[in-house]
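With mmCIF, C-alpha atoms and all ligand atoms inside, this is structure-v3.cif:
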```cif
data_query
loop_
_atom_site.label_atom_id
_atom_site.label_comp_id
_atom_site.auth_asym_id
_atom_site.auth_seq_id
_atom_site.Cartn_x
_atom_site.Cartn_y
_atom_site.Cartn_z
CA MET A 1 -11.94 -39.54 3.71
CA SER A 2 -12.16 -38.06 7.18
CA ASN A 3 -12.18 -34.33 7.72
CA PHE A 4 -8.87 -34.68 9.49
CA MET A 5 -7.29 -36.34 6.45
CA LEU A 6 -8.67 -33.62 4.24
CA ILE A 7 -7.11 -30.93 6.40
CA VAL A 8 -3.76 -32.69 6.41
CA LEU A 9 -3.85 -33.03 2.64
CA VAL A 10 -4.73 -29.37 2.20
CA LEU A 11 -1.80 -28.43 4.42
CA ILE A 12 0.62 -30.63 2.52
CA THR A 13 -0.41 -29.44 -0.91
CA GLY A 14 -0.54 -25.86 0.37
CA VAL A 15 3.16 -25.74 1.16
CA LEU A 16 5.32 -23.94 -1.32
CA THR A 17 9.08 -24.19 -1.08
CA ALA A 18 11.02 -20.97 -1.52
CA GLY A 19 13.47 -20.44 -4.32
CA THR A 20 13.57 -19.04 -7.84
CA GLN A 21 13.09 -22.59 -9.16
CA THR A 22 9.61 -22.53 -7.68
CA PHE A 23 8.98 -19.16 -9.27
CA ASP A 24 10.00 -20.39 -12.69
CA GLN A 25 7.93 -23.56 -12.26
CA TYR A 26 4.73 -21.53 -11.87
CA PHE A 27 5.39 -18.12 -13.41
CA HIS A 28 6.77 -16.21 -16.35
CA ARG A 29 8.95 -13.26 -15.38
CA LYS A 30 6.37 -10.64 -16.23
CA THR A 31 3.20 -9.25 -14.61
CA LEU A 32 -0.43 -10.27 -14.88
CA ARG A 33 -2.65 -7.35 -14.02
CA TYR A 34 -6.20 -8.22 -12.98
CA ASP A 35 -8.57 -5.25 -13.33
CA TYR A 36 -12.01 -5.15 -11.75
CA ILE A 37 -14.77 -2.80 -10.67
CA HIS A 38 -15.21 -2.66 -6.91
CA SER A 39 -18.66 -1.32 -6.18
CA GLY A 40 -21.33 -1.28 -3.54
CA THR A 41 -22.95 0.59 -0.70
CA ARG A 42 -22.13 0.94 3.00
CA ASN A 43 -22.88 -2.71 3.75
CA LYS A 44 -22.63 -4.42 0.40
CA GLU A 45 -19.81 -4.89 -2.06
CA GLN A 46 -19.31 -6.52 -5.40
CA ILE A 47 -16.29 -7.30 -7.53
CA LYS A 48 -16.91 -7.38 -11.27
CA PRO A 49 -14.00 -8.70 -13.34
CA GLY A 50 -12.58 -6.50 -16.06
CA LYS A 51 -9.56 -6.81 -18.31
CA LEU A 52 -6.58 -9.08 -17.89
CA ILE A 53 -3.41 -7.30 -18.93
CA SER A 54 0.03 -8.68 -19.58
CA GLU A 55 2.71 -6.24 -18.47
CA PRO A 56 6.33 -6.56 -19.55
CA TYR A 57 8.13 -6.44 -16.18
CA TRP A 58 7.92 -8.26 -12.87
CA GLY A 59 9.33 -5.91 -10.22
CA GLY A 60 8.64 -8.23 -7.30
CA SER A 61 10.65 -10.87 -5.52
CA LEU A 62 11.22 -14.31 -7.03
CA THR A 63 11.38 -15.92 -3.58
CA GLN A 64 8.93 -14.08 -1.29
CA LEU A 65 5.79 -15.30 -3.01
CA ILE A 66 3.57 -15.82 0.02
CA ASP A 67 2.52 -12.91 2.23
CA THR A 68 3.86 -13.19 5.77
CA PHE A 69 2.45 -9.95 7.25
CA GLY A 70 -1.34 -10.31 7.29
CA PHE A 71 -1.78 -6.56 6.74
CA GLY A 72 -4.59 -4.81 4.86
CA ARG A 73 -8.38 -4.90 4.77
CA TYR A 74 -8.22 -7.30 1.80
CA HIS A 75 -6.12 -10.28 0.87
CA PHE A 76 -5.74 -12.28 -2.30
CA ASN A 77 -4.53 -15.80 -3.00
CA LEU A 78 -3.45 -17.24 -6.31
CA ARG A 79 -3.63 -21.03 -6.49
CA ASP A 80 -2.40 -23.42 -9.11
CA ALA A 81 -5.69 -24.76 -10.50
CA LYS A 82 -4.54 -28.36 -10.94
CA SER A 83 -2.93 -28.96 -7.53
CA GLY A 84 -4.61 -26.29 -5.44
CA THR A 85 -1.17 -25.13 -4.26
CA LEU A 86 -1.03 -21.58 -3.02
CA ILE A 87 1.52 -19.97 -5.33
CA TYR A 88 1.20 -16.24 -4.57
CA SER A 89 -0.55 -14.04 -2.01
CA ARG A 90 -0.64 -10.44 -0.84
CA GLY A 91 -2.61 -8.17 1.49
CA PHE A 92 -3.89 -4.78 0.43
CA SER A 93 -6.39 -2.03 1.20
CA THR A 94 -8.54 0.05 -1.13
CA LEU A 95 -10.15 3.43 -1.61
CA PHE A 96 -13.51 1.65 -1.87
CA VAL A 97 -13.40 0.41 1.72
CA GLU A 98 -12.63 3.94 2.94
CA TRP A 99 -15.51 5.30 0.90
CA GLN A 100 -17.83 2.80 2.62
CA ASP A 101 -17.33 4.76 5.85
CA THR A 102 -18.51 8.05 4.30
CA GLU A 103 -21.99 9.56 4.62
CA GLU A 104 -22.50 9.21 0.88
CA ALA A 105 -22.23 5.42 1.14
CA LYS A 106 -25.32 5.31 3.37
CA THR A 107 -27.56 6.34 0.51
CA LYS A 108 -25.59 5.88 -2.71
CA ARG A 109 -23.93 3.16 -4.68
CA LYS A 110 -20.49 3.79 -6.15
CA GLY A 111 -17.89 1.86 -8.14
CA PHE A 112 -14.11 2.18 -8.23
CA ARG A 113 -11.75 0.98 -10.93
CA GLU A 114 -9.27 -1.18 -9.03
CA SER A 115 -6.57 -3.60 -9.99
CA ILE A 116 -4.21 -6.15 -8.46
CA VAL A 117 -0.97 -7.46 -9.87
CA MET A 118 0.74 -10.83 -9.64
CA PRO A 119 3.48 -12.70 -11.46
CA PHE A 120 2.17 -14.09 -14.75
CA PRO A 121 1.05 -17.73 -14.17
CA LYS A 122 2.13 -20.38 -16.69
CA ASP A 123 -0.90 -22.61 -16.12
CA ASP A 124 -4.53 -22.24 -15.11
CA ALA A 125 -4.84 -20.53 -11.75
CA VAL A 126 -7.58 -19.58 -9.30
CA LEU A 127 -7.73 -16.08 -7.86
CA GLU A 128 -9.46 -15.64 -4.49
CA ILE A 129 -10.13 -12.24 -2.92
CA TYR A 130 -10.90 -12.04 0.80
CA ARG A 131 -12.11 -9.19 2.96
CA ARG A 132 -11.40 -8.70 6.64
CA ASP A 133 -14.40 -7.90 8.83
CA LYS A 134 -14.20 -5.52 11.81
CA LYS A 135 -12.91 -8.47 13.86
CA ASN A 136 -10.14 -9.00 11.31
CA VAL A 137 -11.55 -12.34 10.19
CA LEU A 138 -11.07 -12.99 6.46
CA HIS A 139 -14.10 -13.84 4.32
CA LEU A 140 -13.94 -15.00 0.72
CA ILE A 141 -15.84 -12.44 -1.37
CA PHE A 142 -14.76 -13.32 -4.90
CA SER A 143 -13.03 -15.98 -6.94
CA ASP A 144 -12.25 -16.41 -10.60
CA LYS A 145 -10.40 -18.89 -12.76
CA ILE A 146 -7.62 -17.54 -14.93
CA HIS A 147 -6.66 -19.42 -18.11
CA PRO A 148 -3.45 -17.78 -19.28
CA GLY A 149 -3.28 -19.95 -22.40
CA LYS A 150 -6.86 -19.53 -23.59
CA GLU A 151 -8.11 -16.19 -22.40
CA LYS A 152 -7.75 -12.98 -24.32
CA ILE A 153 -5.07 -11.23 -22.37
CA MET A 154 -4.36 -7.69 -23.46
CA THR A 155 -0.95 -6.26 -23.90
CA ARG A 156 -0.44 -2.66 -23.02
CA GLY A 157 -2.04 -0.02 -25.19
CA VAL A 158 -1.43 3.02 -23.04
CA PRO A 159 0.62 6.08 -23.91
CA SER A 160 4.27 5.34 -23.53
CA TRP A 161 5.32 8.09 -21.17
CA GLU A 162 8.98 8.89 -20.77
CA LYS A 163 10.61 6.78 -18.07
CA ARG A 164 13.92 7.33 -16.32
CA ASP A 165 16.09 5.54 -13.80
CA ILE A 166 16.57 7.84 -10.83
CA ALA A 167 18.76 5.56 -8.70
CA VAL A 168 19.04 1.89 -9.61
CA HIS A 169 21.23 -0.39 -7.51
CA GLY A 170 20.46 -3.79 -8.99
CA ASP A 171 18.02 -6.48 -10.16
CA PRO A 172 14.36 -5.56 -9.43
CA ALA A 173 13.85 -9.07 -8.01
CA GLU A 174 16.31 -8.26 -5.22
CA LYS A 175 15.42 -4.63 -4.53
CA LEU A 176 12.50 -2.59 -3.30
CA ASP A 177 11.44 -0.84 -6.51
CA ILE A 178 9.70 2.51 -6.06
CA VAL A 179 8.17 4.30 -9.03
CA PHE A 180 7.43 8.01 -8.90
CA LEU A 181 4.55 9.09 -11.17
CA ALA A 182 4.10 12.68 -12.32
CA GLU A 183 0.67 14.24 -11.70
CA GLY A 184 -0.28 17.77 -12.73
CA TYR A 185 2.92 18.44 -14.68
CA THR A 186 2.47 19.66 -18.28
CA ALA A 187 5.09 18.93 -20.94
CA ASP A 188 6.64 22.31 -20.08
CA ASP A 189 6.72 21.42 -16.37
CA MET A 190 8.38 18.05 -16.91
CA HIS A 191 11.93 19.24 -16.14
CA LEU A 192 10.61 20.04 -12.64
CA PHE A 193 9.35 16.48 -12.25
CA TRP A 194 12.72 14.87 -13.02
CA ASP A 195 14.26 17.24 -10.50
CA ASP A 196 11.56 16.32 -7.98
CA CYS A 197 12.22 12.60 -8.47
CA ARG A 198 15.81 13.13 -7.32
CA LYS A 199 14.62 15.29 -4.42
CA PHE A 200 11.98 12.77 -3.30
CA ALA A 201 14.44 9.86 -3.51
CA GLY A 202 16.69 12.00 -1.30
CA TYR A 203 13.86 12.70 1.17
CA LEU A 204 13.25 8.99 1.57
CA THR A 205 16.85 7.86 1.95
CA GLY A 206 17.57 10.94 4.10
CA ALA A 207 15.27 9.53 6.79
CA ALA A 208 15.83 6.56 9.10
CA PRO A 209 15.63 3.65 8.58
CA TYR A 210 15.64 4.02 4.76
CA GLY A 211 19.11 5.61 4.75
CA GLU A 212 20.69 2.52 6.35
CA VAL A 213 19.55 0.33 3.45
CA SER A 214 19.49 2.79 0.55
CA GLU A 215 21.35 0.34 -1.69
CA SER A 216 18.34 -2.00 -1.35
CA ILE A 217 16.05 0.54 -3.01
CA ASN A 218 15.66 1.32 -6.72
CA PHE A 219 13.94 4.54 -7.80
CA ARG A 220 12.44 5.12 -11.23
CA GLY A 221 10.21 7.85 -12.61
CA VAL A 222 7.41 7.93 -15.20
CA GLY A 223 6.68 11.35 -16.68
CA VAL A 224 2.89 11.30 -17.10
CA ILE A 225 2.03 14.49 -18.99
CA SER A 226 -1.03 16.47 -17.90
CA ASP A 227 -3.04 18.87 -20.09
CA GLU A 228 -3.13 21.38 -17.26
CA SER A 229 -0.64 22.33 -14.57
CA GLY A 230 -1.58 21.71 -10.92
CA VAL A 231 -4.35 19.54 -9.53
CA SER A 232 -8.10 19.72 -8.85
CA LEU A 233 -9.17 21.62 -5.72
CA PRO A 234 -12.93 21.03 -5.44
CA GLY A 235 -13.03 23.12 -2.25
CA GLU A 236 -12.05 26.15 -4.33
CA LYS A 237 -14.13 25.07 -7.32
CA ILE A 238 -10.95 24.45 -9.32
CA PHE A 239 -11.02 21.42 -11.62
CA ARG A 240 -7.99 20.57 -13.73
CA LYS A 241 -7.41 18.03 -16.49
CA THR A 242 -4.53 15.95 -15.23
CA GLY A 243 -2.96 12.69 -16.32
CA LEU A 244 -4.01 10.63 -13.29
CA GLY A 245 -7.11 12.59 -12.26
CA ALA A 246 -5.99 13.19 -8.67
CA SER A 247 -7.95 15.63 -6.53
CA PHE A 248 -7.82 17.27 -3.13
CA SER A 249 -10.86 16.92 -0.82
CA THR A 250 -11.18 13.18 -1.46
CA PHE A 251 -14.31 12.04 0.43
CA GLY A 252 -14.77 15.64 1.60
CA SER A 253 -11.52 15.77 3.58
CA GLU A 254 -9.66 18.87 2.39
CA ARG A 255 -6.08 17.59 2.61
CA TYR A 256 -6.84 14.11 1.35
CA LEU A 257 -5.41 13.89 -2.16
CA MET A 258 -6.17 10.72 -4.09
CA ALA A 259 -6.68 9.54 -7.67
CA GLU A 260 -9.92 7.52 -7.80
CA ASP A 261 -9.08 5.55 -10.94
CA PHE A 262 -6.41 3.13 -9.81
CA GLN A 263 -6.28 1.49 -13.24
CA ARG A 264 -4.99 4.73 -14.76
CA VAL A 265 -2.32 4.81 -12.06
CA ARG A 266 -1.32 1.22 -12.86
CA ASP A 267 -1.19 2.04 -16.59
CA ALA A 268 1.61 4.50 -15.90
CA ALA A 269 3.42 2.45 -13.22
CA GLY A 270 3.57 -0.68 -15.41
CA LEU A 271 5.96 1.03 -17.82
CA VAL A 272 8.79 0.15 -15.41
CA PRO A 273 9.42 -2.69 -12.91
CA TYR A 274 7.88 -1.62 -9.58
CA ASP A 275 6.76 -2.79 -6.14
CA GLN A 276 5.39 0.48 -4.78
CA ILE A 277 3.89 3.62 -6.33
CA PHE A 278 4.29 7.19 -5.14
CA ILE A 279 2.52 9.97 -7.05
CA ILE A 280 4.28 13.34 -6.90
CA VAL A 281 1.62 16.02 -7.28
CA ASN A 282 2.55 19.39 -8.76
CA SER A 283 1.03 21.63 -6.09
CA ASP A 284 2.25 23.80 -3.20
CA LYS A 285 -0.70 22.90 -1.02
CA TYR A 286 -0.20 20.59 1.96
CA GLY A 287 -1.79 17.24 1.23
CA GLY A 288 -1.41 13.59 0.34
CA GLY A 289 -2.66 10.11 1.07
CA GLY A 290 -1.50 6.52 1.33
CA ILE A 291 -3.26 3.14 1.28
CA TYR A 292 -1.52 -0.17 1.98
CA ASN A 293 -0.25 -1.91 -1.18
CA PHE A 294 -2.28 0.53 -3.26
CA TYR A 295 -0.36 3.79 -3.74
CA ALA A 296 0.61 7.00 -1.94
CA THR A 297 0.61 10.67 -2.96
CA GLY A 298 2.19 13.89 -1.77
CA THR A 299 2.67 17.42 -3.06
CA ARG A 300 6.00 18.74 -4.30
CA GLY A 301 5.95 22.42 -3.44
CA ASN A 302 4.95 22.42 0.21
CA LYS A 303 7.67 22.95 2.81
CA GLU A 304 6.60 19.65 4.38
CA ALA A 305 7.07 17.68 1.14
CA GLY A 306 9.68 15.39 2.75
CA PHE A 307 7.41 14.63 5.69
CA LEU A 308 4.40 14.02 3.41
CA LEU A 309 6.41 11.48 1.42
CA ILE A 310 7.66 9.43 4.35
CA HIS A 311 4.38 9.60 6.29
CA GLU A 312 2.13 8.60 3.38
CA PHE A 313 4.62 6.02 2.14
CA GLY A 314 4.59 4.62 5.70
CA HIS A 315 0.91 3.78 5.13
CA SER A 316 1.19 2.42 1.61
CA PHE A 317 4.45 0.51 1.93
CA ALA A 318 4.73 -0.68 5.55
CA GLY A 319 1.04 -0.72 6.52
CA LEU A 320 1.65 1.77 9.34
CA ALA A 321 -1.36 3.30 11.09
CA ASP A 322 -1.76 6.94 12.02
CA GLU A 323 -0.60 7.36 15.60
CA TYR A 324 -2.46 10.65 16.07
CA TYR A 325 -5.81 10.96 17.76
CA THR A 326 -6.87 14.58 17.55
CA SER A 327 -7.59 15.76 14.05
CA GLU A 328 -10.20 17.32 11.86
CA VAL A 329 -10.29 14.06 9.93
CA ALA A 330 -10.93 12.03 13.07
CA VAL A 331 -13.22 9.12 12.33
CA ASP A 332 -15.60 7.90 15.00
CA ALA A 333 -14.79 4.41 16.18
CA PHE A 334 -12.56 3.67 13.23
CA TYR A 335 -11.06 0.71 15.09
CA ASP A 336 -12.94 -1.92 17.07
CA LEU A 337 -11.50 -1.67 20.59
CA GLN A 338 -12.20 -5.36 21.22
CA THR A 339 -10.02 -6.44 18.29
CA GLU A 340 -6.28 -6.16 17.79
CA PRO A 341 -5.75 -3.95 14.71
CA TRP A 342 -3.63 -5.41 11.91
CA GLU A 343 -1.29 -2.43 11.71
CA PRO A 344 2.10 -3.07 13.36
CA ASN A 345 2.44 0.27 15.23
CA ILE A 346 -0.78 0.52 17.23
CA THR A 347 -2.43 -1.83 19.72
CA THR A 348 -5.67 -2.25 21.64
CA LEU A 349 -3.73 -4.56 24.03
CA ILE A 350 -6.04 -7.40 22.99
CA ASP A 351 -3.09 -9.27 21.43
CA PHE A 352 -0.08 -7.15 22.35
CA GLU A 353 2.24 -10.18 22.23
CA ARG A 354 2.39 -10.06 18.46
CA LYS A 355 3.12 -6.33 18.42
CA TRP A 356 6.10 -4.64 20.10
CA LYS A 357 5.82 -6.19 23.59
CA GLY A 358 9.23 -7.80 23.08
CA MET A 359 10.80 -4.35 22.64
CA LEU A 360 9.68 -3.04 26.05
CA LEU A 361 12.33 -2.82 28.76
CA PRO A 362 11.49 -4.83 31.90
CA GLY A 363 9.48 -2.74 34.34
CA THR A 364 7.93 -0.44 31.73
CA PRO A 365 4.45 0.40 32.99
CA VAL A 366 1.53 -0.50 30.70
CA PRO A 367 0.03 1.92 29.85
CA THR A 368 3.05 4.19 29.98
CA PRO A 369 2.61 7.75 31.27
CA ALA A 370 3.32 10.40 28.61
CA ILE A 371 5.75 12.39 30.76
CA PRO A 372 9.06 14.03 29.76
CA ALA A 373 11.05 11.27 31.50
CA ASN A 374 9.55 8.80 29.01
CA GLU A 375 10.39 10.75 25.87
CA GLN A 376 12.90 8.10 24.73
CA THR A 377 10.97 5.15 26.17
CA ILE A 378 9.40 2.45 24.05
CA GLY A 379 6.12 1.95 25.84
CA VAL A 380 2.38 1.81 25.45
CA PHE A 381 1.05 5.36 25.28
CA GLU A 382 -2.69 5.87 25.20
CA GLY A 383 -4.05 7.74 22.16
CA ALA A 384 -3.58 6.58 18.55
CA GLY A 385 -5.57 5.58 15.48
CA TYR A 386 -7.96 8.60 15.74
CA SER A 387 -8.98 7.66 19.28
CA ALA A 388 -7.81 9.26 22.53
CA ARG A 389 -8.92 6.20 24.51
CA GLY A 390 -8.40 2.48 24.16
CA ILE A 391 -5.77 2.52 21.39
CA TYR A 392 -2.07 2.80 22.17
CA ARG A 393 1.06 3.90 20.34
CA PRO A 394 4.65 2.80 21.00
CA TYR A 395 6.39 6.15 21.51
CA GLN A 396 5.38 9.65 22.48
CA GLU A 397 6.36 11.12 19.13
CA CYS A 398 6.67 9.64 15.65
CA THR A 399 6.40 10.61 11.98
CA MET A 400 3.10 8.68 12.01
CA LYS A 401 1.82 11.02 14.76
CA SER A 402 3.10 14.52 14.07
CA VAL A 403 4.42 16.60 11.21
CA ARG A 404 8.03 15.59 11.82
CA TYR A 405 10.40 14.52 9.08
CA ASP A 406 12.88 11.75 9.97
CA ALA A 407 11.31 10.93 13.33
CA PHE A 408 9.92 7.39 13.00
CA CYS A 409 9.67 5.68 16.38
CA PRO A 410 11.66 2.45 16.94
CA VAL A 411 8.58 0.28 16.28
CA CYS A 412 7.83 1.94 12.93
CA ARG A 413 11.52 1.69 12.00
CA ARG A 414 11.51 -2.02 12.70
CA ALA A 415 8.32 -2.51 10.66
CA ILE A 416 9.81 -0.61 7.70
CA LEU A 417 13.05 -2.60 7.82
CA GLN A 418 11.15 -5.90 7.91
CA MET A 419 9.21 -4.83 4.84
CA ILE A 420 12.33 -3.72 2.96
CA ARG A 421 13.89 -7.10 3.73
CA PHE A 422 10.80 -8.88 2.39
CA TYR A 423 11.15 -7.07 -0.95
CA SER A 424 14.92 -7.29 -1.26
CA THR A 425 15.87 -10.77 -0.05
CA PRO A 426 17.46 -12.67 -2.95
ZN ZN B 501 5.67 5.07 15.05
#
```

Can the structure in the file be given as structure tokens, please?
Amino acid sequence: MSNFMLIVLVLITGVLTAGTQTFDQYFHRKTLRYDYIHSGTRNKEQIKPGKLISEPYWGGSLTQLIDTFGFGRYHFNLRDAKSGTLIYSRGFSTLFVEWQDTEEAKTKRKGFRESIVMPFPKDDAVLEIYRRDKKNVLHLIFSDKIHPGKEKIMTRGVPSWEKRDIAVHGDPAEKLDIVFLAEGYTADDMHLFWDDCRKFAGYLTGAAPYGEVSESINFRGVGVISDESGVSLPGEKIFRKTGLGASFSTFGSERYLMAEDFQRVRDAAGLVPYDQIFIIVNSDKYGGGGIYNFYATGTRGNKEAGFLLIHEFGHSFAGLADEYYTSEVAVDAFYDLQTEPWEPNITTLIDFERKWKGMLLPGTPVPTPAIPANEQTIGVFEGAGYSARGIYRPYQECTMKSVRYDAFCPVCRRAILQMIRFYSTP
């Protein structure tokens, strides 16, 4: 067979028709969680398979099985083993890849407990994990065969924390399902958490564009109980025993607040149907974090709690980049200026066509001067993604640039709406 024929065949067998019929042909309506250890050094990485876990709910769509965004530093495919058909795929980023950019990674090796979720396949399937290089080219770094019928697949053995519906508007398959997890709340604090869930749902739907489509979003809460109240603050030598093990000063950055063990986070989230995870941290200190298709965090007691939620959720849900470029957490040459970044709200102008070029009014100068007359102009403003030069943002101000609640620029709003549609299309 010629190479050409092979390619054609791969294309034909790779096409999956949309529809719940297709879903039911390949999947049970529950979740398969694939746990693994992601370890390595600055230039090396390894994925070591761990447990396979059957979880009772599938919070995702029954029709949007194939990723259409191309976001994230990683990507995974699930193929039907017999036919090779691509039956599910998603992009995501990880804490591991951020750690690789730290000083520690130059001399040490470290492992992170990570996990991906997919609908539960009925037949043998092949999982492939890819990583994007600095040029955004995907490379296969891991593959494994899953035998749902033969393998020992665990059912959940984790503590059954209390779960509550906060605002549920319909079938999880047709809604964006957000789960709030409690972190740093003791049993005595838990009444605060349920109150906070309502407040945080209100912060999200109180901001554009979420408010326009609030009936497309379900909110649920899981009351993870911590032994101690508050959260670890290594900078102040305070270490607390909390349910999810979150800590300020992640990778030495004071305001960066993450939980290193993602499997513990998934243990709690899997108690309800969910698409996206937000961890509400019982602290007054300003801080949070968000990684695409991983999870986001934010503190409850700070006066900027609403901003922290929508900014960090912008990263984890919609894959939005930071639009700021002067900061104590500035990273040297985080983006390759010769490559178009994957995030929808910044550009190096290398491939601006596939970003927001179509939203520019005719005659808008590129780059666009950051002058008062252009305050309401969609343009191409220099300075974004931790770099004052060579990376551009769409608007002078935005929730992804400054501490401003309910101030997403038109490009971020569009990206968020596209993502909500992806999760909520029947
Ligand atoms: Zn923006």

Open item on the list: Env of range 144-154 of chain A: 6 Å cut, atoms = all atoms listed in the file, seq-sep filter 2 positions within chain, self excluded. Answer as a ChimeraX atom specification.
Closed with: /A:52-54,124-127

Open item on the list: Report as a ChimeraX atom specification all protein, DNA and RNA residues lying within 12 Å of His191 in chain A, evaluated on all atoms listed in the file, omitting residues in the same chain fewer than 6 positions from it.
Closed with: /A:162,182,185,197-198,223,225,282

Task: Shell of 8 Å around Arg413 in chain A, all atoms listed in the file, local chain residues under 4 positions omitted, as a list of chain:residue names - done: A:Ala208, A:Pro209, A:Phe408, A:Cys409, A:Leu417

Open item on the list: Please identify all protein, DNA and RNA residues within 8 Å of ligand ZN 501 (chain B), counting only C-alpha atoms and all ligand atoms, and report them as a ChimeraX atom specification.
Closed with: /A:320,323,345,393-395,397-401,408-413

Task: Non-local contacts of Gly221 in chain A (9 Å; all atoms listed in the file; under 3 positions in same chain excluded) as a list in words - done: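 Contacts, with the query itself left out: Glu162, Lys163, Arg164, Asp165, Ile166, Ile178, Val179, Phe180, Leu181, Ala182, Phe193, Trp194, Cys197, Ala269 and Val272 of chain A.
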
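Residue nearest His28 in chain A within the list A:Pro172, A:Gly379, A:Gly385, A:Pro56: A:Pro56 [criterion: smallest interatomic distance, all atoms listed in the file].
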
Task: Distance in Å - CA of Thr250 in chain A versus CA of Leu140 in chain A - done: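 Straight-line distance from CA of Thr250 in chain A to CA of Leu140 in chain A works out to 28.4 Å.
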
- [ ] Have a look at CA of Asn77 in chain A and CA of Glu260 in chain A and let me know their distance in Å, one decimal.
- [x] 24.4 Å

Give me the residues near Gly363 in chain A as a CSV table (one decimal) with C-alpha atoms, in the frame of the given file, where near means some atom within 12 Å (using all atoms listed in the file) and where sequence neighbours in that chain fewer than 4 positions away do not count.
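Written output follows (out_9.csv):
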```
chain,number,residue,atom,x,y,z
A,357,LYS,CA,5.8,-6.2,23.6
A,359,MET,CA,10.8,-4.4,22.6
A,367,PRO,CA,0.0,1.9,29.8
A,368,THR,CA,3.0,4.2,30.0
A,377,THR,CA,11.0,5.2,26.2
A,378,ILE,CA,9.4,2.4,24.0
A,379,GLY,CA,6.1,2.0,25.8
```

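Shortest atom-to-atom contact with Leu95 in chain A among A:Tyr324, A:Phe313, A:Tyr335, A:Tyr256: A:Tyr256, counting all atoms listed in the file.
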
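For the pair CA of Arg109 in chain A and CA of Ser39 in chain A, the separation is 7.1 Å.
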
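Closest to Arg266 in chain A among A:Ala384, A:Val222, A:Leu192, A:Leu65 is A:Val222, based on only C-alpha atoms.
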
Task: Of the listed residues A:Leu244, A:Ile217, A:Ile371, A:Ala305, that which approaches Gly59 in chain A most closely, counting only C-alpha atoms - done: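 Closest to Gly59 in chain A, using only C-alpha atoms: A:Ile217.
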
Is there a way to complete range 313-325 of chain A with N, CA and C atoms and then write that out as an mmCIF file, keeping the file's coordinate frame?
```
data_model
loop_
_atom_site.group_PDB
_atom_site.id
_atom_site.type_symbol
_atom_site.label_atom_id
_atom_site.label_comp_id
_atom_site.auth_asym_id
_atom_site.auth_seq_id
_atom_site.Cartn_x
_atom_site.Cartn_y
_atom_site.Cartn_z
ATOM 1 N N PHE A 313 3.988 7.261 2.578
ATOM 2 C CA PHE A 313 4.620 6.020 2.140
ATOM 3 C C PHE A 313 4.649 5.004 3.294
ATOM 4 N N GLY A 314 4.688 5.505 4.528
ATOM 5 C CA GLY A 314 4.590 4.620 5.700
ATOM 6 C C GLY A 314 3.296 3.827 5.676
ATOM 7 N N HIS A 315 2.190 4.479 5.266
ATOM 8 C CA HIS A 315 0.910 3.780 5.130
ATOM 9 C C HIS A 315 0.953 2.766 3.988
ATOM 10 N N SER A 316 1.370 3.238 2.807
ATOM 11 C CA SER A 316 1.190 2.420 1.610
ATOM 12 C C SER A 316 2.206 1.284 1.520
ATOM 13 N N PHE A 317 3.396 1.508 2.034
ATOM 14 C CA PHE A 317 4.450 0.510 1.930
ATOM 15 C C PHE A 317 4.484 -0.424 3.141
ATOM 16 N N ALA A 318 4.514 0.148 4.347
ATOM 17 C CA ALA A 318 4.730 -0.680 5.550
ATOM 18 C C ALA A 318 3.441 -0.960 6.315
ATOM 19 N N GLY A 319 2.307 -0.458 5.834
ATOM 20 C CA GLY A 319 1.040 -0.720 6.520
ATOM 21 C C GLY A 319 0.941 -0.025 7.876
ATOM 22 N N LEU A 320 1.675 1.069 8.055
ATOM 23 C CA LEU A 320 1.650 1.770 9.340
ATOM 24 C C LEU A 320 0.334 2.523 9.515
ATOM 25 N N ALA A 321 -0.143 2.555 10.757
ATOM 26 C CA ALA A 321 -1.360 3.300 11.090
ATOM 27 C C ALA A 321 -0.992 4.717 11.490
ATOM 28 N N ASP A 322 -1.947 5.627 11.426
ATOM 29 C CA ASP A 322 -1.760 6.940 12.020
ATOM 30 C C ASP A 322 -1.697 6.778 13.525
ATOM 31 N N GLU A 323 -0.707 7.438 14.135
ATOM 32 C CA GLU A 323 -0.600 7.360 15.600
ATOM 33 C C GLU A 323 -1.252 8.573 16.253
ATOM 34 N N TYR A 324 -1.827 9.478 15.454
ATOM 35 C CA TYR A 324 -2.460 10.650 16.070
ATOM 36 C C TYR A 324 -3.905 10.351 16.434
ATOM 37 N N TYR A 325 -4.449 11.220 17.273
ATOM 38 C CA TYR A 325 -5.810 10.960 17.760
ATOM 39 C C TYR A 325 -6.630 12.225 17.916
#
```
